[in-house]
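This is upload_23.txt (compact mmCIF, C-alpha atoms and all ligand atoms).
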# COMPACT_ATOMS: atom_id res chain seq x y z
CA MET Q 1 69.06 -13.73 34.00
CA ASN Q 2 69.93 -10.13 34.52
CA ILE Q 3 67.76 -7.52 32.78
CA HIS Q 4 69.11 -4.04 32.55
CA THR Q 5 67.09 -1.42 34.48
CA TYR Q 6 66.39 0.65 31.34
CA GLU Q 7 65.27 -2.50 29.51
CA LYS Q 8 62.82 -3.18 32.36
CA LEU Q 9 61.45 0.36 32.20
CA TRP Q 10 60.89 0.10 28.44
CA LEU Q 11 59.15 -3.27 28.92
CA VAL Q 12 56.81 -1.84 31.56
CA ALA Q 13 56.12 1.24 29.44
CA ALA Q 14 55.32 -0.94 26.41
CA MET Q 15 52.96 -3.10 28.50
CA LEU Q 16 51.20 0.00 29.85
CA LEU Q 17 50.74 1.35 26.32
CA ILE Q 18 49.17 -1.92 25.15
CA VAL Q 19 46.81 -1.95 28.14
CA THR Q 20 45.91 1.74 27.47
CA PHE Q 21 45.16 1.05 23.80
CA ILE Q 22 42.88 -1.88 24.65
CA ALA Q 23 41.17 0.22 27.34
CA THR Q 24 40.44 3.11 24.94
CA ILE Q 25 38.98 0.75 22.32
CA THR Q 26 36.86 -0.96 24.98
CA TYR Q 27 35.69 2.38 26.35
CA GLY Q 28 34.81 3.60 22.84
CA SER Q 29 32.70 0.58 22.00
CA VAL Q 30 31.11 -0.05 25.41
CA GLY Q 31 31.08 3.40 27.03
CA LEU Q 32 30.50 5.61 23.98
CA GLY Q 33 28.74 3.03 21.81
CA ILE Q 34 30.97 3.65 18.81
CA ALA Q 35 30.47 0.82 16.34
CA MET Q 36 31.65 -0.17 12.92
CA VAL Q 37 29.25 0.32 10.04
CA GLY Q 38 27.49 -3.00 9.52
CA ASP Q 39 27.98 -4.72 6.17
CA GLN Q 40 26.09 -7.95 6.88
CA GLN Q 41 23.06 -6.93 4.87
CA PRO Q 42 22.40 -8.80 1.64
CA THR Q 43 23.25 -7.02 -1.60
CA VAL Q 44 20.66 -5.25 -3.75
CA GLU Q 45 20.46 -4.68 -7.48
CA PRO Q 46 21.05 -0.91 -7.80
CA THR Q 47 19.17 -0.66 -11.10
CA GLU Q 48 16.10 -2.27 -9.54
CA LEU Q 49 15.90 -0.23 -6.35
CA SER Q 50 12.45 1.06 -7.27
CA ASP Q 51 11.11 -2.51 -6.96
CA ASP Q 52 12.87 -3.14 -3.67
CA GLU Q 53 10.65 -3.51 -0.63
CA ARG Q 54 12.84 -1.25 1.48
CA PHE Q 55 14.46 1.15 -0.98
CA GLY Q 56 11.61 1.40 -3.48
CA ASP Q 57 10.09 3.86 -1.07
CA PRO Q 58 12.80 5.51 1.04
CA ARG Q 59 11.25 6.29 4.42
CA VAL Q 60 11.32 6.13 8.21
CA GLU Q 61 9.31 3.36 9.80
CA GLN Q 62 8.56 2.47 13.40
CA VAL Q 63 9.73 -0.99 14.46
CA GLY Q 64 9.59 -0.80 18.28
CA GLU Q 65 8.39 1.50 21.03
CA ASN Q 66 11.24 3.99 20.50
CA GLU Q 67 12.86 2.17 17.63
CA TYR Q 68 12.80 3.22 14.03
CA GLU Q 69 14.32 2.15 10.74
CA ALA Q 70 15.32 4.60 8.03
CA TYR Q 71 15.81 3.41 4.46
CA VAL Q 72 17.97 5.98 2.69
CA VAL Q 73 18.96 6.14 -0.97
CA ALA Q 74 21.84 8.35 -2.10
CA GLN Q 75 21.98 9.35 -5.73
CA THR Q 76 23.42 12.15 -7.88
CA PHE Q 77 23.02 14.65 -6.20
CA ARG Q 78 20.55 14.15 -3.39
CA TYR Q 79 19.26 11.90 -0.65
CA GLN Q 80 15.87 10.30 -0.27
CA PRO Q 81 14.00 10.86 1.95
CA ASP Q 82 14.92 14.51 2.54
CA PRO Q 83 14.53 15.70 5.20
CA ILE Q 84 14.73 12.52 7.24
CA GLU Q 85 12.50 13.05 10.27
CA VAL Q 86 12.84 11.10 13.51
CA PRO Q 87 11.54 11.81 17.02
CA GLU Q 88 13.62 12.72 20.06
CA ASN Q 89 14.66 9.88 22.40
CA SER Q 90 14.69 7.41 19.57
CA GLN Q 91 16.99 4.70 18.36
CA VAL Q 92 17.26 4.74 14.60
CA THR Q 93 18.83 2.09 12.41
CA PHE Q 94 19.86 3.53 9.06
CA TYR Q 95 20.07 1.34 5.99
CA VAL Q 96 21.86 3.27 3.29
CA THR Q 97 22.53 2.37 -0.32
CA ALA Q 98 23.32 4.24 -3.55
CA ARG Q 99 21.45 4.20 -6.82
CA ASP Q 100 24.20 5.17 -9.25
CA VAL Q 101 27.76 5.83 -8.11
CA ILE Q 102 29.58 5.79 -4.79
CA HIS Q 103 28.41 8.49 -2.39
CA SER Q 104 28.59 8.85 1.35
CA PHE Q 105 26.11 9.48 4.12
CA SER Q 106 27.59 11.64 6.82
CA ILE Q 107 25.57 13.34 9.52
CA VAL Q 108 27.46 16.54 10.31
CA GLY Q 109 28.50 16.93 13.94
CA THR Q 110 28.09 13.25 14.76
CA ASN Q 111 30.26 10.22 14.15
CA VAL Q 112 27.73 8.80 11.68
CA ASN Q 113 29.66 8.46 8.46
CA THR Q 114 29.50 5.71 5.90
CA MET Q 115 30.12 5.15 2.22
CA ALA Q 116 27.01 4.51 0.16
CA ILE Q 117 27.93 1.96 -2.46
CA PRO Q 118 25.63 0.79 -5.28
CA GLY Q 119 24.55 -2.77 -4.52
CA GLU Q 120 25.69 -2.66 -0.90
CA ILE Q 121 23.70 -1.74 2.18
CA ALA Q 122 25.40 0.05 5.08
CA GLU Q 123 23.75 -0.40 8.47
CA MET Q 124 24.18 1.89 11.48
CA THR Q 125 22.22 2.29 14.68
CA VAL Q 126 22.18 5.76 16.20
CA GLU Q 127 20.47 7.23 19.25
CA PHE Q 128 18.95 10.70 19.08
CA ASP Q 129 18.19 12.05 22.55
CA GLU Q 130 17.57 15.71 21.88
CA VAL Q 131 15.66 17.78 19.39
CA GLY Q 132 17.89 19.25 16.71
CA GLU Q 133 18.67 19.68 13.05
CA TYR Q 134 21.63 18.12 11.33
CA GLY Q 135 23.05 18.46 7.87
CA VAL Q 136 23.74 15.36 5.82
CA VAL Q 137 26.62 15.62 3.39
CA CYS Q 138 28.30 13.50 0.79
CA ASN Q 139 32.05 13.25 1.19
CA GLU Q 140 32.88 10.91 -1.65
CA TYR Q 141 33.44 12.74 -4.93
CA CYS Q 142 30.50 11.63 -7.08
CA GLY Q 143 30.34 14.07 -10.00
CA PRO Q 144 29.95 17.74 -10.91
CA GLY Q 145 27.17 18.29 -8.35
CA HIS Q 146 29.05 16.63 -5.48
CA HIS Q 147 29.56 19.88 -3.57
CA ASP Q 148 25.80 20.53 -3.68
CA MET Q 149 24.82 17.09 -2.48
CA GLU Q 150 23.28 17.59 0.92
CA GLY Q 151 20.27 16.60 2.92
CA GLU Q 152 18.78 17.25 6.32
CA LEU Q 153 17.98 15.20 9.37
CA HIS Q 154 15.41 16.63 11.75
CA VAL Q 155 15.05 15.29 15.27
CA VAL Q 156 11.63 16.62 16.23
CA PRO Q 157 9.70 16.74 19.53
CA ALA Q 158 7.77 13.52 20.09
CA GLU Q 159 4.39 15.30 19.89
CA GLU Q 160 5.24 16.78 16.48
CA PHE Q 161 6.40 13.51 15.04
CA ASP Q 162 4.03 11.90 12.60
CA LEU Q 163 4.27 8.66 10.67
CA VAL Q 164 0.95 8.85 8.90
CA ASP Q 165 0.66 9.92 5.25
CA HIS Q 166 -2.56 10.95 3.56
CA SER Q 167 -3.43 11.27 -0.07
CA VAL Q 168 -6.72 12.35 -1.55
CA ASP Q 169 -8.11 11.48 -4.94
CA THR Q 170 -11.24 13.25 -6.14
CA PRO Q 171 -12.79 14.12 -9.47
CA THR Q 172 -12.90 17.81 -10.42
CA GLU Q 173 -16.00 17.49 -12.57
CA VAL Q 174 -18.95 15.09 -12.61
CA GLU Q 175 -22.28 14.90 -14.39
CA PRO Q 176 -25.51 15.26 -12.40
CA ASP Q 177 -26.37 11.56 -12.83
CA ASP Q 178 -22.98 10.44 -11.51
CA GLU Q 179 -21.65 9.72 -8.10
CA ALA Q 180 -18.63 11.78 -7.06
CA GLU Q 181 -16.12 9.45 -5.44
CA PHE Q 182 -13.82 10.95 -2.80
CA THR Q 183 -11.01 8.50 -2.06
CA VAL Q 184 -8.66 8.95 0.86
CA GLU Q 185 -5.60 6.75 1.18
CA ILE Q 186 -3.89 6.55 4.55
CA ARG Q 187 -0.49 5.04 5.07
CA ASN Q 188 0.41 4.08 8.61
CA ARG Q 189 4.18 3.78 9.17
CA GLN Q 190 3.65 3.34 12.93
CA LEU Q 191 3.77 0.04 14.71
CA ASP Q 192 0.30 0.40 16.24
CA ASP Q 193 -3.01 0.31 14.44
CA LEU Q 194 -4.46 3.70 13.63
CA GLU Q 195 -8.15 4.28 14.27
CA THR Q 196 -9.39 7.39 12.61
CA THR Q 197 -12.36 9.08 11.01
CA VAL Q 198 -12.44 10.57 7.56
CA VAL Q 199 -14.77 13.58 7.44
CA LEU Q 200 -15.97 14.94 4.10
CA GLU Q 201 -17.82 18.22 3.96
CA VAL Q 202 -19.27 19.09 0.58
CA GLY Q 203 -22.16 21.44 -0.10
CA ASP Q 204 -24.46 21.13 2.92
CA GLU Q 205 -23.48 17.56 3.55
CA THR Q 206 -21.08 16.16 6.13
CA LEU Q 207 -20.19 12.52 5.67
CA GLU Q 208 -18.02 10.45 7.97
CA GLU Q 209 -16.26 7.17 7.51
CA GLU Q 210 -14.42 5.29 10.24
CA LEU Q 211 -11.20 3.64 9.20
CA VAL Q 212 -8.70 1.35 10.90
CA VAL Q 213 -5.27 1.20 9.30
CA ALA Q 214 -3.13 -1.63 10.63
CA GLY Q 215 0.47 -0.83 11.66
CA GLY Q 216 2.77 -0.71 8.65
CA GLU Q 217 -0.14 -0.91 6.21
CA THR Q 218 -1.97 1.33 3.79
CA SER Q 219 -5.75 1.51 3.60
CA GLU Q 220 -8.17 3.57 1.64
CA THR Q 221 -11.78 4.50 1.87
CA THR Q 222 -14.11 5.97 -0.71
CA ILE Q 223 -17.03 8.20 0.13
CA GLY Q 224 -19.58 8.52 -2.67
CA VAL Q 225 -21.80 11.56 -3.04
CA ASP Q 226 -24.67 11.73 -5.51
CA ALA Q 227 -24.01 14.71 -7.72
CA ALA Q 228 -27.78 15.14 -8.11
CA ASP Q 229 -28.04 15.92 -4.38
CA LEU Q 230 -25.44 18.66 -4.72
CA GLY Q 231 -27.01 20.22 -7.77
CA GLU Q 232 -25.30 21.87 -10.71
CA GLY Q 233 -22.52 24.33 -10.09
CA ASP Q 234 -19.27 24.48 -8.11
CA HIS Q 235 -19.08 22.97 -4.66
CA ASP Q 236 -16.21 23.46 -2.25
CA TRP Q 237 -15.22 20.40 -0.31
CA THR Q 238 -13.02 19.74 2.71
CA ILE Q 239 -11.61 16.42 3.80
CA THR Q 240 -10.36 16.22 7.37
CA VAL Q 241 -8.52 13.29 8.94
CA ASP Q 242 -7.24 14.12 12.43
CA GLU Q 243 -4.75 16.99 11.82
CA PHE Q 244 -4.75 16.54 8.06
CA GLU Q 245 -6.96 18.73 5.90
CA GLU Q 246 -7.37 19.11 2.16
CA THR Q 247 -9.78 21.28 0.25
CA GLY Q 248 -10.90 21.58 -3.34
CA THR Q 249 -13.80 22.30 -5.63
CA LEU Q 250 -16.08 19.89 -7.41
CA SER Q 251 -18.08 21.05 -10.42
CA VAL Q 252 -21.34 19.37 -11.30
CA VAL Q 253 -21.84 20.04 -14.99
CA ASP Q 254 -24.69 18.85 -17.16
CA PRO Q 255 -23.27 18.28 -20.66
CA ASP Q 256 -26.78 18.49 -22.18
CA ALA Q 257 -27.27 21.91 -20.63
CA GLU Q 258 -24.22 23.19 -22.53
CA ASP Q 259 -25.73 21.88 -25.76
CA ASP Q 260 -28.93 23.77 -24.99
CA ASP Q 261 -26.95 26.99 -24.81
CA ARG Q 262 -25.59 26.48 -28.27
CA GLY Q 263 -28.96 25.81 -29.85
CA ASP Q 264 -31.74 23.28 -30.02
CA ASP Q 265 -29.67 20.50 -31.57
CA ASP Q 266 -31.31 17.83 -29.43
CA GLU Q 267 -34.83 18.52 -30.57
CU1 LIG Q 301 27.37 12.21 -3.72
CU2 LIG Q 301 29.47 13.28 -3.54
Kindly return the structure encoded in the file as structure tokens.
Ligand code: CUA
Amino acid sequence: MNIHTYEKLWLVAAMLLIVTFIATITYGSVGLGIAMVGDQQPTVEPTELSDDERFGDPRVEQVGENEYEAYVVAQTFRYQPDPIEVPENSQVTFYVTARDVIHSFSIVGTNVNTMAIPGEIAEMTVEFDEVGEYGVVCNEYCGPGHHDMEGELHVVPAEEFDLVDHSVDTPTEVEPDDEAEFTVEIRNRQLDDLETTVVLEVGDETLEEELVVAGGETSETTIGVDAADLGEGDHDWTITVDEFEETGTLSVVDPDAEDDDRGDDDE
């Protein structure tokens, strides 16, 4: 069979093009790590997100030495959490869903870009090597506030990165016969256990309580102080847990004493 020279050239050119296309796709996925947004996650009930184990509390959590998971909820017209904070040299898997209507989750300046669809969970794994700040924008029209819908992603130095949350619950006023209960709740979103000491300074007293919070868990401790030991009046207190510090004032008030001021009703 005789094939015309031009026909041969076109055939070779077409073959080369096909090989080039396959090579670019292979290079993109293997060399550059470009991947499709994963849609293998199970569906969620968008109206019941607050009860969902992952999306009830949008957050970043450590799952491996340099591996993290971020659970992100998009809603009119913001993202939770905001800002999203991850450390440098980390590999972060984002799970993104929407609470109300279709939004998107796009990290400006990167190729991270997915729709956020109520009921569906988009999954993407991204590596962040260097410290930086990125904007997060919504590029699906979602309502009158669409143009204002933005968030932030902070890639912070490893030593500044912190996955421990503290909350303090104390009374503001107690009676002299009571015990003032200072409760500190510590949430550990790291993989490793956290060993720490809660230090309470109130009046002349310094009280310490050791606490171990298992990885991924929340623990609390309560330090009781006899109000009688403090005496009536206002007492400044400070609670310190590692870098965390909170201060306040506790008043020890004798209700009977107030009655005395008004007259001798009791006698
Ligand atoms: Cu959300 Cu546009």
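The spacing separating atom CA of Phe161 of chain Q from atom CA of Asp148 of chain Q amounts to 27.9 Å.
Between ligand LIG 301 (chain Q) and the residues Q:Glu48, Q:Glu150, Q:Glu7, Q:Asp57, the shortest atom-to-atom distance, using only C-alpha atoms and all ligand atoms, involves Q:Glu150.
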Nearby polymer residues, ligand LIG 301 (chain Q), at most 9 Å, only C-alpha atoms and all ligand atoms, as a PyMOL selection string: chain Q and resi 74-79+98+101-105+116+137-150
Residue neighbourhood Val126 of chain Q, 7 Å, only C-alpha atoms, exclusion window fewer than 3 positions, as number ranges by chain: Q: 91-93
Length of the atom CA of Asp178 of chain Q to atom CA of Asp236 of chain Q vector [Å]: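 Between these atoms lies a distance of 17.4 Å.
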Neighbour list for Asp204 of chain Q as a list of chain:residue names, cut-off 12 Å, all atoms listed in the file, skip fewer than 6 positions in-chain: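 Here the qualifying residues turn out to be Q:Val225, Q:Asp229, Q:Leu230, Q:Gly231, Q:His235, Q:Asp236, Q:Trp237, Q:Thr238.
Each of Q:Val131, Q:Leu191, Q:Met124, Q:Val112 was compared to Glu65 of chain Q using all atoms listed in the file, and Q:Leu191 turns out to be the nearest.
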Which of Q:Thr26, Q:Glu195, Q:Glu127, Q:Ala180 sits closest to Thr110 of chain Q [using all atoms listed in the file]: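 With all atoms listed in the file as the atom set, the closest residue is Q:Glu127.
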Separation of atom CA of Val198 of chain Q from atom CA of Tyr71 of chain Q in Å: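 Separating atom CA of Tyr71 of chain Q from atom CA of Val198 of chain Q is a distance of 29.3 Å.
Minimum atom-to-atom distances from Q:Val12, Q:Ala70, Q:Val213, Q:Ile3 to Ile84 of chain Q were compared using all atoms listed in the file, and the lowest value belongs to Q:Ala70.
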Selection: 7 Å around Val199 of chain Q, all atoms listed in the file, excl. self and same-chain fewer than 3 positions, as a PyMOL selection string: chain Q and resi 206-209+239-241
Suppose we keep C-alpha atoms; can you now write the selection as a PDB file, keeping the file's coordinate frame?
ATOM      1  CA  THR Q 206     -21.080  16.160   6.130  1.00  0.00           C
ATOM      2  CA  LEU Q 207     -20.190  12.520   5.670  1.00  0.00           C
ATOM      3  CA  GLU Q 208     -18.020  10.450   7.970  1.00  0.00           C
ATOM      4  CA  GLU Q 209     -16.260   7.170   7.510  1.00  0.00           C
ATOM      5  CA  ILE Q 239     -11.610  16.420   3.800  1.00  0.00           C
ATOM      6  CA  THR Q 240     -10.360  16.220   7.370  1.00  0.00           C
ATOM      7  CA  VAL Q 241      -8.520  13.290   8.940  1.00  0.00           C
TER       8      VAL Q 241
END
Kindly compute an axis-aligned box around the listed atoms of segment 223-233 of chain Q, allowing 4 Å on each side, and express its centre and edge lengths in Å to one decimal as AutoDock Vina command-line options.
--center_x -22.5 --center_y 16.3 --center_z -5.3 --size_x 19.0 --size_y 24.1 --size_z 18.8
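Distances from Q:Val63, Q:Glu85, Q:Thr197, Q:Val252 to Thr172 of chain Q were compared using all atoms listed in the file, and the smallest one belongs to Q:Val252.
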